[in-house]
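K.L.:
Here it is: the structure, laid out below.
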Number of protein chains: 2
Amino acid sequence: MLVQKYRDMLSGKSVIRQLSEFAAARGNEIGYENVFDYSLGNPSVPVPQEFTDAMVRMLTSENSNILHGYSPSLGISSVREAIAKSLQKRFGISYRMENIFMATGAAGALAHAIRLVTEPGDEVLTFAPFFPEYHPYVELAGAVLKVVPPNTETFQINFAAFEEMLTDKVMAVLINTPNNPSGVVYSADTLSELSRLLKLKSREYGHDIYLISDEPYREIIFEGVEAPCVAAFYDNTIMCYSFSKSLSLPGERIGYVAIGPACKDAEDMINMCGQISRGIGHNCPPSIIQLAVAEVVDKTAELSVYETNMKLIYNELTELGFTCVKPGGTFYIFPKALEEDSIEFCQKALKYDLVLVPADTFGAPGFFRMAYCIDTDKVKRSLPMLRKFVQENYR
Amino acid sequence: MLVQKYRDMLSGKSVIRQLSEFAAARGNEIGYENVFDYSLGNPSVPVPQEFTDAMVRMLTSENSNILHGYSPSLGISSVREAIAKSLQKRFGISYRMENIFMATGAAGALAHAIRLVTEPGDEVLTFAPFFPEYHPYVELAGAVLKVVPPNTETFQINFAAFEEMLTDKVMAVLINTPNNPSGVVYSADTLSELSRLLKLKSREYGHDIYLISDEPYREIIFEGVEAPCVAAFYDNTIMCYSFSKSLSLPGERIGYVAIGPACKDAEDMINMCGQISRGIGHNCPPSIIQLAVAEVVDKTAELSVYETNMKLIYNELTELGFTCVKPGGTFYIFPKALEEDSIEFCQKALKYDLVLVPADTFGAPGFFRMAYCIDTDKVKRSLPMLRKFVQENYR
C-alpha cells in the first residue's frame, strides 16, 4: 500500500513550476532570451573563482579516501570551526564550533530545526508573505503551520494579528528575513518587538518558544539598508543558513544550523540534530563541498547585479503606478497587481512574454512576485514590454 | 520544549563509535599503524581516477551556474538515464529514467523507501544479522522494525521464523545482500523462496508487501560467488543503492532509489519520492556529484584488495578453530566468538590492540564483526596477534 498523503500531493502542481514550464516551452518557440522569465529564484551570478579553485586543488592534491571520506555526523570539525569564527567576527555573538551543525542547504537545516522543537500537533507560526515550501517542511514533520496575515503596507510583521495567534500551542516561530517573496528586511524595531513578545509569552506559557530564522538571503542586502542579525535579539534563535544564494550554488546543498550560544541547552540541541539526521536519511552534506565552502566562508559571489536589477524594475513599476514596497535585499520584488485577482493579472502578462508569479500561495493574494536574478540586459529589454502590458490592459 | 525522543537518543552511545574512539586514542599512544582497527566500514581503496578527472574537467570548463544549479527534484535527467541504462544492461531488467530517483546515499534512499510504503505503526521486517541503523531509519519514520532471528549456520534467511512473523501488519521487508555484517550473499534459492512467500502473503492479506533491497555492497563480490539481482525475483522491489563503497566516496552522499519497472505504479512511486523529499529536507544529492558519478556509472574502485584481505583472515580464523561462514562479498566477516559473551571476548581482544565489534547490536549475540577495509599489510601484521590472543585466552 503506497502512502496516500504523498500520492495526494502529486496532483497539486506548483504555480511556480507551471509558469517556469510555460517559460521553457515559450522559449523553444521564440528563443528563451526573449522570454522575460521572472518566475524562478535561481542565482545567475557566477560562483566565486576561489570556490572552484579550492575544489580543484583538493581534487588534484589530496588523498582521495580522506577527501571523500565520511563526515562526522555533525559536520567536519574544521568546517564548523570556520563558520563559528566567521559568525562570531561578523555579528559579535560568541558562536563556537559546538553551536554549528552542517546541513544540506536551508531545507535540510529547517528539517532539523522543526523536528528539534515540535512534537506532532504543535503549532509553528510564520508571517505572510512566506515561502510556500514551509507548508510541507512543517506539516510533513507532523506539526501545524499557521500563517499570520501580512502587513501589506510595509511587509514588516503584523503584530496585532501575531499576538492573537501566539497561543500556548505555538512552539516555534519561523521567519525569513531578507524575505522571499517581499524582498523586505526586518528592521531592528520589528525584531525587538518580536523578541519582546516571544519572551513575554514564553514566560506566560511556561515553555520556550523558539525562533527559527531562515536566512538564505542574508548576504544580499542593498545600499543603505540595515540588516540586523536576528540571533542578536533573541537567545532561543535557531539560525538556518544556506550558501545557495551567497555563493550561487543551490544545487550543491550546503548550509548549516547555528544555535545561539545563549540558548539553553545549545550544545545538546546540536547533538540532537545529529540524531534527527539518522531518521531522515540526511547524514551530512557532501564532504568536499563542506571543505570548499569553509575556504570561502567570508566571500560571496558578485551580488551587486541584483541591486542594479532591483532599481531598474522598482523605478519602472512606481512610474507605472504600481504600489510596491522597495526591497531591502534578496532578488525579489513584490508589487500589488493592477486588478484584484493577481492570477488573472499574471495570466494576461504571459501574452507579453512576461512571466510573473501570483502571490496567492505566498499568503498575500492580490500581489505578485518577480524574481530578478536574471541578466540586467534582459531586465532592460523587459521594461518596455511591462509598460505596454500595463497600458494596453489597465489604462 | 526540545523533543524528548531525540534527547533520549543522546545517551545511547554506539558500540562501534566507542570502539573506534578507543582505536584512535590507542593510536595516539602507539601509532595508529599498530592498532589493528577492524571497527569501521570505511572504504580504503582510492577513488577511481576517472571520477576525479570528471570533477576537475567540469569545474574548469563548465558554466558555474549551470554546473552548480538546482537539480530537478527527482535528480538530473541525464544522470537518471545513465543509471537506468546501466541497470538495464547489467541485469536485463527494463529500467527507464522514470524508475530512478537520485538520493543522498543509501541512507537517503532508505528514508524515502520506508516513507513510501509505511504508515505510522506499520511493521517492517528485517533479518538478523542486520545493520543497526535500520532501527532509527524505520522507527523515526513512524513504523515498527521487527527483526527475524538469524540462521546462524549459513546467515541465509531463517524462513521458519520469517513466515511466523510475516503477519498482515507487515508492509515491507528490508534486506541487505551482500550483507553487513555477515558478508554473506543471498543465494538464488533464498531470493526465490523469499519472493514466493511475499507473493503468497500479499495475496492472502490483500495488500502489496514491498521488498526494500539495501545494496551498497553490490559491487564487492568475491570470486566464484553468484550474486543474483534481487529485483529479478520480485516485482515490488525498491532497490536502494549507494556509490559509497563501489567508488570509495562515502562522504559524498550519492545513491539512488530504483523501483522495479514491473512494480505497479512504479512511476508514481518515483514522483512520490519527490514529495517525500519536501518533508525531510532532502532536495537531491549535490548536482556536481550526480554529474560525476554518471560518468563512471559502470566503473568501480579497485576492490580486489578486500578479497585478498578476506582470504587471509578467513584462513587464519578457521585454522584457529573459529566457526565462520565464508563471506561472498563486502568487506566484513562475522565469526562466532570463542566464549558465549562476545562483548567480553572483544574486550579481551583490545589488550592485543585488536579492535573487533561484538554483534549484539547486529541481532546476533555471540558473534563479532571484523571490517577488513584496511591495508593488507596491516591485516598480515594482525594475524600473529590474533593467534596470540586466542592461544593465551582460549587454549
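Identifiers in the C-alpha cells: chain A, B, ... in order shown; residue index from 1 per chain; ligand index from 1 in order shown.
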Using DSSP on the backbone coordinates, identify all residues within stretch 124-328 of chain A classified as strand (DSSP E or B); present the result as an MDAnalysis selection string.
P.N.:
chainID A and resid 124:127 144:148 170:176 210:214 221 237:242 255:259
K.L.:
I'd like the contact shell of A:Glu163 - 10 Å cut-off, only C-alpha atoms, skipping same-chain residues fewer than 3 positions apart - returned as a PyMOL selection string.
P.N.:
chain A and resi 148+158-160+166-167+194+197-198+201
K.L.:
Write out, as a PDB file, in the first residue's frame, the residues just selected, with C-alpha atoms.
P.N.:
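Result file again05.pdb:
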ATOM      1  CA  VAL A 148      -0.061  35.312  10.324  1.00  0.00           C
ATOM      2  CA  ASN A 158       1.513  42.445  11.625  1.00  0.00           C
ATOM      3  CA  PHE A 159       1.904  42.365  15.401  1.00  0.00           C
ATOM      4  CA  ALA A 160      -1.790  42.673  16.275  1.00  0.00           C
ATOM      5  CA  LEU A 166       0.599  33.301  19.585  1.00  0.00           C
ATOM      6  CA  THR A 167      -1.239  30.806  21.820  1.00  0.00           C
ATOM      7  CA  LEU A 194       9.136  40.150  18.097  1.00  0.00           C
ATOM      8  CA  LEU A 197       6.562  39.197  22.656  1.00  0.00           C
ATOM      9  CA  LEU A 198       8.293  35.824  22.448  1.00  0.00           C
ATOM     10  CA  LYS A 201       4.699  34.564  26.064  1.00  0.00           C
TER      11      LYS A 201
END
K.L.:
Contacts of A:Pro48 at 12 Å or less, counting only C-alpha atoms, minus same-chain residues fewer than 6 places along, as a ChimeraX atom specification?
P.N.:
/A:54-55,243,245-249,292-293,295-303 /B:59,63-65,68
K.L.:
Within 7 Å of chain B, which residues of chain A are there when counting only C-alpha atoms? Please give them as number ranges by chain.
P.N.:
A: 1-3, 6-7, 9-10, 44, 46-47, 52, 56, 59, 64-65, 68-71, 107-108, 111, 116-119, 136-137, 140-141, 207-208, 248-253, 272, 275-276, 278-282, 286-287
K.L.:
Go ahead and write the selection's residues with C-alpha atoms as an mmCIF file, in the first residue's frame.
P.N.:
data_model
loop_
_atom_site.group_PDB
_atom_site.id
_atom_site.type_symbol
_atom_site.label_atom_id
_atom_site.label_comp_id
_atom_site.auth_asym_id
_atom_site.auth_seq_id
_atom_site.Cartn_x
_atom_site.Cartn_y
_atom_site.Cartn_z
ATOM 1 C CA MET A 1 0.000 0.000 0.000
ATOM 2 C CA LEU A 2 1.539 3.292 -1.050
ATOM 3 C CA VAL A 3 1.106 6.113 1.407
ATOM 4 C CA TYR A 6 2.258 11.539 -0.742
ATOM 5 C CA ARG A 7 0.114 10.257 -3.606
ATOM 6 C CA MET A 9 0.464 15.609 -3.230
ATOM 7 C CA LEU A 10 1.157 14.519 -6.817
ATOM 8 C CA SER A 44 22.579 33.908 -12.004
ATOM 9 C CA PRO A 46 28.987 33.172 -11.293
ATOM 10 C CA VAL A 47 30.262 31.070 -8.402
ATOM 11 C CA THR A 52 36.236 26.463 -7.830
ATOM 12 C CA VAL A 56 40.218 21.678 -7.965
ATOM 13 C CA LEU A 59 40.756 17.019 -6.005
ATOM 14 C CA SER A 64 41.022 10.672 -2.182
ATOM 15 C CA ASN A 65 39.953 8.477 0.719
ATOM 16 C CA HIS A 68 35.775 11.826 0.071
ATOM 17 C CA GLY A 69 35.547 10.004 3.410
ATOM 18 C CA TYR A 70 32.639 10.054 5.841
ATOM 19 C CA SER A 71 31.942 13.361 7.515
ATOM 20 C CA ALA A 107 15.826 22.973 3.523
ATOM 21 C CA GLY A 108 17.990 20.449 5.360
ATOM 22 C CA ALA A 111 14.051 19.894 8.555
ATOM 23 C CA LEU A 116 14.085 19.660 17.248
ATOM 24 C CA VAL A 117 11.367 21.787 18.841
ATOM 25 C CA THR A 118 7.988 20.447 17.724
ATOM 26 C CA GLU A 119 6.056 17.328 18.614
ATOM 27 C CA PRO A 136 5.488 20.635 3.559
ATOM 28 C CA TYR A 137 8.554 21.411 5.694
ATOM 29 C CA LEU A 140 5.331 16.536 6.954
ATOM 30 C CA ALA A 141 7.277 16.792 10.217
ATOM 31 C CA HIS A 207 7.734 26.831 27.876
ATOM 32 C CA ASP A 208 10.352 28.139 25.482
ATOM 33 C CA SER A 248 25.455 30.854 -6.324
ATOM 34 C CA LEU A 249 25.484 27.094 -5.820
ATOM 35 C CA PRO A 250 21.950 25.995 -4.957
ATOM 36 C CA GLY A 251 22.498 22.545 -6.461
ATOM 37 C CA GLU A 252 25.315 21.688 -4.065
ATOM 38 C CA ARG A 253 23.057 21.613 -0.996
ATOM 39 C CA MET A 272 20.131 16.202 18.823
ATOM 40 C CA GLN A 275 20.131 12.131 15.998
ATOM 41 C CA ILE A 276 17.362 13.646 13.883
ATOM 42 C CA ARG A 278 19.516 9.298 11.482
ATOM 43 C CA GLY A 279 15.768 9.304 10.941
ATOM 44 C CA ILE A 280 15.555 11.436 7.825
ATOM 45 C CA GLY A 281 18.466 9.989 5.869
ATOM 46 C CA HIS A 282 20.406 13.220 5.954
ATOM 47 C CA PRO A 286 28.961 16.122 0.965
ATOM 48 C CA SER A 287 32.441 16.247 2.455
#
K.L.:
Please identify all polymer residues within 12 Å of B:Ala232, counting only C-alpha atoms, omitting same-chain residues fewer than 5 positions from it, and present them as a list of chain:residue names.
P.N.:
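Surrounding residues, per the criterion: B:Leu87, B:Gln88, B:Arg90, B:Phe91, B:Gly92, B:Ile93, B:Ser94, B:Tyr95, B:Ala188, B:Leu191, B:Ser192, B:Ser195, B:Leu211, B:Ser213, B:Ala227, B:Thr237, B:Ile238, B:Met239, B:Ile259, B:Gly260, B:Pro261, B:Ala262, B:Cys263.
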K.L.:
Keeping N, CA and C atoms, export the residues of the selection given above as a CSV table (one decimal), in the first residue's frame.
P.N.:
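The file below, out_29.csv, is the result:
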chain,number,residue,atom,x,y,z
B,87,LEU,N,21.7,-0.2,-15.3
B,87,LEU,CA,21.0,-1.3,-14.7
B,87,LEU,C,20.4,-2.3,-15.7
B,88,GLN,N,19.8,-1.7,-16.7
B,88,GLN,CA,19.1,-2.5,-17.8
B,88,GLN,C,20.1,-3.4,-18.5
B,90,ARG,N,23.0,-4.4,-17.3
B,90,ARG,CA,23.7,-5.3,-16.4
B,90,ARG,C,22.7,-6.4,-15.9
B,91,PHE,N,21.5,-6.1,-15.6
B,91,PHE,CA,20.6,-7.1,-15.0
B,91,PHE,C,19.5,-7.5,-16.0
B,92,GLY,N,19.4,-7.0,-17.2
B,92,GLY,CA,18.4,-7.4,-18.1
B,92,GLY,C,17.0,-7.0,-17.7
B,93,ILE,N,16.9,-6.0,-16.8
B,93,ILE,CA,15.5,-5.6,-16.4
B,93,ILE,C,15.3,-4.2,-17.0
B,94,SER,N,14.1,-4.0,-17.5
B,94,SER,CA,13.9,-2.8,-18.3
B,94,SER,C,13.7,-1.5,-17.5
B,95,TYR,N,14.7,-1.2,-16.7
B,95,TYR,CA,14.7,0.1,-16.0
B,95,TYR,C,14.7,1.3,-17.0
B,188,ALA,N,20.3,-17.6,-5.0
B,188,ALA,CA,19.0,-17.6,-5.8
B,188,ALA,C,17.9,-18.3,-5.1
B,191,LEU,N,16.4,-16.1,-2.5
B,191,LEU,CA,15.6,-15.0,-3.0
B,191,LEU,C,14.3,-15.5,-3.7
B,192,SER,N,14.4,-16.8,-4.2
B,192,SER,CA,13.2,-17.4,-4.8
B,192,SER,C,12.2,-17.7,-3.7
B,195,SER,N,10.7,-14.5,-2.4
B,195,SER,CA,9.7,-13.9,-3.3
B,195,SER,C,8.4,-14.7,-3.3
B,211,LEU,N,9.5,-5.2,-1.1
B,211,LEU,CA,10.8,-5.6,-0.7
B,211,LEU,C,11.7,-4.5,-0.9
B,213,SER,N,15.4,-3.3,-0.9
B,213,SER,CA,16.7,-4.0,-1.0
B,213,SER,C,17.8,-3.0,-0.9
B,227,ALA,N,25.9,-13.6,-7.4
B,227,ALA,CA,25.2,-12.6,-6.7
B,227,ALA,C,24.0,-12.2,-7.5
B,237,THR,N,10.0,-4.6,-5.9
B,237,THR,CA,11.3,-4.4,-5.2
B,237,THR,C,11.6,-2.9,-5.3
B,238,ILE,N,12.0,-2.3,-4.2
B,238,ILE,CA,12.5,-1.0,-4.2
B,238,ILE,C,14.0,-1.1,-3.9
B,239,MET,N,14.8,-0.9,-4.9
B,239,MET,CA,16.3,-1.0,-4.7
B,239,MET,C,16.8,0.3,-4.2
B,259,ILE,N,12.9,1.8,-8.7
B,259,ILE,CA,11.7,1.0,-8.5
B,259,ILE,C,11.6,0.0,-9.7
B,260,GLY,N,11.3,-1.3,-9.4
B,260,GLY,CA,11.2,-2.3,-10.4
B,260,GLY,C,10.2,-1.9,-11.4
B,261,PRO,N,10.6,-1.9,-12.7
B,261,PRO,CA,9.6,-1.5,-13.8
B,261,PRO,C,8.3,-2.3,-13.8
B,262,ALA,N,8.3,-3.5,-13.3
B,262,ALA,CA,7.1,-4.3,-13.3
B,262,ALA,C,6.3,-4.0,-12.0
B,263,CYS,N,6.8,-3.2,-11.2
B,263,CYS,CA,6.1,-2.8,-10.0
B,263,CYS,C,4.9,-1.9,-10.3
K.L.:
Would you please give, as a list in words, all residues of stretch 7-56 of chain B that DSSP assigns to alpha helix (DSSP H) based on the backbone?
P.N.:
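These are the residues in question: Arg7, Asp8, Met9, Val15, Ile16, Arg17, Gln18, Leu19, Ser20, Glu21, Phe22, Ala23, Ala24, Ala25, Arg26, Gly27, Asn28, Glu29, Ile30, Gln49, Glu50, Phe51, Thr52, Asp53, Ala54, Met55 and Val56 of chain B.
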K.L.:
Would you put the residues from that selection into a file with N, CA and C atoms, as a short mmCIF file (atom, residue, chain, number, x, y, z; two decimals), in the first residue's frame?
P.N.:
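The resulting out.cif:
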data_model
loop_
_atom_site.label_atom_id
_atom_site.label_comp_id
_atom_site.auth_asym_id
_atom_site.auth_seq_id
_atom_site.Cartn_x
_atom_site.Cartn_y
_atom_site.Cartn_z
N ARG B 7 16.43 13.78 22.53
CA ARG B 7 17.30 13.98 23.68
C ARG B 7 17.69 12.63 24.29
N ASP B 8 16.69 11.74 24.39
CA ASP B 8 16.96 10.41 24.96
C ASP B 8 18.02 9.66 24.15
N MET B 9 18.02 9.89 22.83
CA MET B 9 18.97 9.17 21.98
C MET B 9 20.42 9.57 22.27
N VAL B 15 28.28 1.30 20.06
CA VAL B 15 29.42 0.45 20.40
C VAL B 15 30.55 0.66 19.39
N ILE B 16 30.14 0.73 18.11
CA ILE B 16 31.15 0.89 17.05
C ILE B 16 31.90 2.22 17.24
N ARG B 17 31.13 3.27 17.53
CA ARG B 17 31.74 4.58 17.76
C ARG B 17 32.72 4.53 18.95
N GLN B 18 32.30 3.88 20.04
CA GLN B 18 33.16 3.79 21.22
C GLN B 18 34.46 3.06 20.88
N LEU B 19 34.31 1.96 20.13
CA LEU B 19 35.50 1.19 19.77
C LEU B 19 36.41 1.98 18.86
N SER B 20 35.83 2.71 17.94
CA SER B 20 36.70 3.44 17.03
C SER B 20 37.36 4.62 17.75
N GLU B 21 36.67 5.15 18.77
CA GLU B 21 37.33 6.17 19.60
C GLU B 21 38.50 5.56 20.40
N PHE B 22 38.27 4.33 20.91
CA PHE B 22 39.37 3.63 21.59
C PHE B 22 40.54 3.47 20.63
N ALA B 23 40.23 3.05 19.40
CA ALA B 23 41.30 2.81 18.42
C ALA B 23 42.08 4.09 18.14
N ALA B 24 41.37 5.20 18.03
CA ALA B 24 42.05 6.47 17.76
C ALA B 24 42.93 6.86 18.94
N ALA B 25 42.40 6.71 20.15
CA ALA B 25 43.16 7.07 21.35
C ALA B 25 44.40 6.19 21.48
N ARG B 26 44.21 4.89 21.27
CA ARG B 26 45.33 3.96 21.35
C ARG B 26 46.35 4.28 20.25
N GLY B 27 45.86 4.69 19.10
CA GLY B 27 46.74 5.09 18.01
C GLY B 27 47.63 6.25 18.39
N ASN B 28 47.09 7.18 19.18
CA ASN B 28 47.91 8.29 19.66
C ASN B 28 49.04 7.82 20.57
N GLU B 29 48.80 6.71 21.25
CA GLU B 29 49.85 6.18 22.14
C GLU B 29 50.93 5.41 21.38
N ILE B 30 50.48 4.46 20.54
CA ILE B 30 51.46 3.53 19.96
C ILE B 30 51.59 3.67 18.45
N GLN B 49 40.28 7.26 -10.67
CA GLN B 49 40.81 8.49 -11.25
C GLN B 49 39.79 9.15 -12.19
N GLU B 50 39.00 8.32 -12.86
CA GLU B 50 38.01 8.86 -13.81
C GLU B 50 37.01 9.77 -13.11
N PHE B 51 36.66 9.44 -11.86
CA PHE B 51 35.74 10.30 -11.10
C PHE B 51 36.39 11.66 -10.85
N THR B 52 37.61 11.62 -10.35
CA THR B 52 38.33 12.87 -10.07
C THR B 52 38.50 13.69 -11.34
N ASP B 53 38.88 13.01 -12.42
CA ASP B 53 39.06 13.72 -13.69
C ASP B 53 37.76 14.38 -14.15
N ALA B 54 36.64 13.67 -13.99
CA ALA B 54 35.35 14.24 -14.40
C ALA B 54 35.02 15.47 -13.56
N MET B 55 35.29 15.40 -12.27
CA MET B 55 35.03 16.56 -11.40
C MET B 55 35.87 17.75 -11.85
N VAL B 56 37.17 17.52 -12.05
CA VAL B 56 38.07 18.62 -12.40
C VAL B 56 37.69 19.20 -13.76
#
K.L.:
Restricting the calculation to only C-alpha atoms: of A:Phe155, A:Tyr332, A:Tyr32, A:Phe127, which residue gets closest to A:Leu174?
P.N.:
A:Phe127
